[in-house]
Amino acid sequence: MIWSLLAAPALAQDDIAEEIVVWGDLFARWDDTRWLVKTEVGMPFELVFAADMNKELQVREFQVAAVLHCSKDWKLSGKKYEVGCALEDVALQAAVSERNVSEADVERAQGILDEIDRKLTGAILQLQVADDGRVTDLDLEGITTHNRRQNVMQETLRQVVSRMVVGFHMKMQKFNQLHEGKWYEFNSTLMSIPLPPGVPGSSGSSMMVHQLDRYKGHVLVQSVGKGTTEVSGNLFTLAFTGVSIYDDREGFMSERVWALEGTPNASTLFNAAASYFHAGRIAMLGPDDHPDLGPTRPVNGRSQHSPLLPAWQSIEH
């Protein structure tokens, strides 16, 4: 559950200490580190999860849990690195969209999700990251493609795993300082909607306000955001809340939880009830931590009640 926002006032500029702390490595969080990432997404339109042998699953709601092992690959410039994050373990749950779910639907969905699980486990997320905390680009490598169908599915999976990676994105204060107070971030990639292959890029604008406070020995950053985004002529109003914990010694984010809601405009071409939601959490792991990610399986959607499928269990609980 997202923590309640603390009512701590921003400090005046004159109250901020003049001392500047210089972190030894602004890319330390990517230097042989492991992460637990969980995310859940509800789409206003369907994504197609496909198997290699002409089987497909229409999906609007899904959950992904993964363990990432990240390492710096090479320096792109003084302010950017390319980072490789191996998917050590993956679990994927997806809601079956069929109105009347049959046993054959469940079996087909399980086979498709198992195949996707096998493809993602061991794959590499190739990230471009900046020294100010942003994740600027993402590619998915290690999945073999031989035809257009597989290329389309790889792009779908890239959009799926992008919902995990955007949780790492937070533009920090100037010089990456951890001073108490607030700062603004515009057009964060966290406030975006993933697009199916072939759908034109979205447009819009957003603003986040980050408030840093020191509370009971923790460095907390609480974030709220608002914005709009347009997808294929459909306008969504976005609202974001989140809380992050920063490591005061290393200067980088070690935990984060967030929730994003996208409400369709009255003139949207999609069904008026077709909203967007995206919640997630990340946490840094130790070298010997191996959390149980749960099963890969088809499930009911949040408003579905098929007796053949397990209930949707939110990651917030």
# chains A, B, ... in the order shown; residues from 1 in each chain; ligands from 1

$ select_by_dssp --residues "region 70-290 of chain A" --states "strand (DSSP E or B)" --output "ChimeraX atom specification"
/A:70-77,80-95,124-130,135-141,181-186,203-215,218-231,234-246,253-264,276-285

$ closest_atom_pairs --of "region 190-244 of chain A" --to "region 171-182 of chain A" --cutoff "6 Å" --atoms "only C-alpha atoms" --output "JSON lines"
{"residue": "A:His210", "atom": "CA", "partner": "A:Lys182", "partner_atom": "CA", "distance": 5.3}
{"residue": "A:Gln211", "atom": "CA", "partner": "A:Lys182", "partner_atom": "CA", "distance": 4.3}
{"residue": "A:Leu212", "atom": "CA", "partner": "A:Glu180", "partner_atom": "CA", "distance": 4.9}
{"residue": "A:Asp213", "atom": "CA", "partner": "A:Glu180", "partner_atom": "CA", "distance": 5.1}

$ closest_atom_pairs --of "region 35-127 of chain A" --to "region 229-243 of chain A" --cutoff "12 Å" --atoms "only C-alpha atoms" --output "Markdown table"
| residue | atom | partner | partner_atom | distance |
| --- | --- | --- | --- | --- |
| A:Met43 | CA | A:Val231 | CA | 11.6 |
| A:Pro44 | CA | A:Phe236 | CA | 9.9 |
| A:Phe45 | CA | A:Val231 | CA | 10.3 |

$ write_last_selection --atoms "N, CA and C atoms" --output "PDB file, in the first residue's frame"
ATOM      1  N   MET A  43      -4.659  -2.296 -18.869  1.00  0.00           N
ATOM      2  CA  MET A  43      -4.591  -1.521 -20.104  1.00  0.00           C
ATOM      3  C   MET A  43      -5.980  -1.084 -20.570  1.00  0.00           C
ATOM      4  N   PRO A  44      -6.086   0.057 -21.266  1.00  0.00           N
ATOM      5  CA  PRO A  44      -7.358   0.467 -21.863  1.00  0.00           C
ATOM      6  C   PRO A  44      -7.638  -0.220 -23.198  1.00  0.00           C
ATOM      7  N   PHE A  45      -6.695  -1.011 -23.658  1.00  0.00           N
ATOM      8  CA  PHE A  45      -6.843  -1.773 -24.897  1.00  0.00           C
ATOM      9  C   PHE A  45      -6.095  -3.087 -24.710  1.00  0.00           C
TER      10      PHE A  45
END

$ select_by_dssp --residues "region 113-243 of chain A" --states "helix (DSSP H, G or I)" --output "PyMOL selection string"
chain A and resi 113-120+148-168+174-176

$ write_last_selection --atoms "C-alpha atoms" --output "PDB file, in the first residue's frame"
ATOM      1  CA  LEU A 113       2.477 -17.843 -20.517  1.00  0.00           C
ATOM      2  CA  ASP A 114       4.862 -20.741 -19.854  1.00  0.00           C
ATOM      3  CA  GLU A 115       6.547 -20.102 -23.206  1.00  0.00           C
ATOM      4  CA  ILE A 116       6.897 -16.373 -22.428  1.00  0.00           C
ATOM      5  CA  ASP A 117       8.325 -17.228 -18.992  1.00  0.00           C
ATOM      6  CA  ARG A 118      10.981 -19.421 -20.644  1.00  0.00           C
ATOM      7  CA  LYS A 119      11.856 -16.663 -23.135  1.00  0.00           C
ATOM      8  CA  LEU A 120      12.196 -13.949 -20.497  1.00  0.00           C
ATOM      9  CA  ARG A 148       7.567 -10.923 -38.276  1.00  0.00           C
ATOM     10  CA  ARG A 149       5.292 -12.653 -35.767  1.00  0.00           C
ATOM     11  CA  GLN A 150       8.186 -13.216 -33.362  1.00  0.00           C
ATOM     12  CA  ASN A 151       9.418  -9.646 -33.897  1.00  0.00           C
ATOM     13  CA  VAL A 152       5.982  -8.304 -32.946  1.00  0.00           C
ATOM     14  CA  MET A 153       5.889 -10.502 -29.844  1.00  0.00           C
ATOM     15  CA  GLN A 154       9.350  -9.356 -28.793  1.00  0.00           C
ATOM     16  CA  GLU A 155       8.201  -5.731 -28.989  1.00  0.00           C
ATOM     17  CA  THR A 156       5.127  -6.616 -26.902  1.00  0.00           C
ATOM     18  CA  LEU A 157       7.379  -8.185 -24.270  1.00  0.00           C
ATOM     19  CA  ARG A 158       9.619  -5.123 -24.348  1.00  0.00           C
ATOM     20  CA  GLN A 159       6.592  -2.994 -23.516  1.00  0.00           C
ATOM     21  CA  VAL A 160       5.637  -5.406 -20.713  1.00  0.00           C
ATOM     22  CA  VAL A 161       9.073  -5.357 -19.048  1.00  0.00           C
ATOM     23  CA  SER A 162       9.303  -1.595 -19.535  1.00  0.00           C
ATOM     24  CA  ARG A 163       6.683  -1.279 -16.776  1.00  0.00           C
ATOM     25  CA  MET A 164       9.268  -2.757 -14.393  1.00  0.00           C
ATOM     26  CA  VAL A 165      12.160  -0.577 -15.492  1.00  0.00           C
ATOM     27  CA  VAL A 166      10.323   2.766 -15.315  1.00  0.00           C
ATOM     28  CA  GLY A 167      10.157   2.367 -11.537  1.00  0.00           C
ATOM     29  CA  PHE A 168      13.910   3.062 -11.398  1.00  0.00           C
ATOM     30  CA  LYS A 174      20.890  19.233  -8.672  1.00  0.00           C
ATOM     31  CA  PHE A 175      24.176  17.415  -7.958  1.00  0.00           C
ATOM     32  CA  ASN A 176      22.060  14.409  -6.833  1.00  0.00           C
TER      33      ASN A 176
END

$ residues_around --residues "region 84-97 of chain A" --least-positions-apart "6" --cutoff "7 Å" --atoms "only C-alpha atoms" --output "PyMOL selection string"
chain A and resi 58-73+113+117+120-127+293-301

$ residues_around --residues "region 252-258 of chain A" --least-positions-apart "6" --cutoff "7 Å" --atoms "only C-alpha atoms" --output "list in words"
Ile2, Arg29, Thr241, Gly242, Val243, Ser244, Ile245, Tyr246, Ala279, Gly280, Arg281, Ile282, Ala283 and Met284 of chain A

$ write_last_selection --atoms "C-alpha atoms" --output "mmCIF file, in the first residue's frame"
data_model
loop_
_atom_site.group_PDB
_atom_site.id
_atom_site.type_symbol
_atom_site.label_atom_id
_atom_site.label_comp_id
_atom_site.auth_asym_id
_atom_site.auth_seq_id
_atom_site.Cartn_x
_atom_site.Cartn_y
_atom_site.Cartn_z
ATOM 1 C CA ILE A 2 1.312 3.487 -0.867
ATOM 2 C CA ARG A 29 23.176 1.195 -8.079
ATOM 3 C CA THR A 241 1.605 8.799 -5.982
ATOM 4 C CA GLY A 242 4.750 7.102 -4.743
ATOM 5 C CA VAL A 243 7.289 6.767 -1.948
ATOM 6 C CA SER A 244 11.008 5.986 -2.268
ATOM 7 C CA ILE A 245 13.756 5.205 0.228
ATOM 8 C CA TYR A 246 17.288 6.380 -0.523
ATOM 9 C CA ALA A 279 1.338 -0.099 -9.606
ATOM 10 C CA GLY A 280 4.713 -1.479 -8.656
ATOM 11 C CA ARG A 281 7.498 -1.870 -6.174
ATOM 12 C CA ILE A 282 11.257 -2.331 -6.351
ATOM 13 C CA ALA A 283 13.648 -3.366 -3.581
ATOM 14 C CA MET A 284 17.364 -3.981 -3.552
#
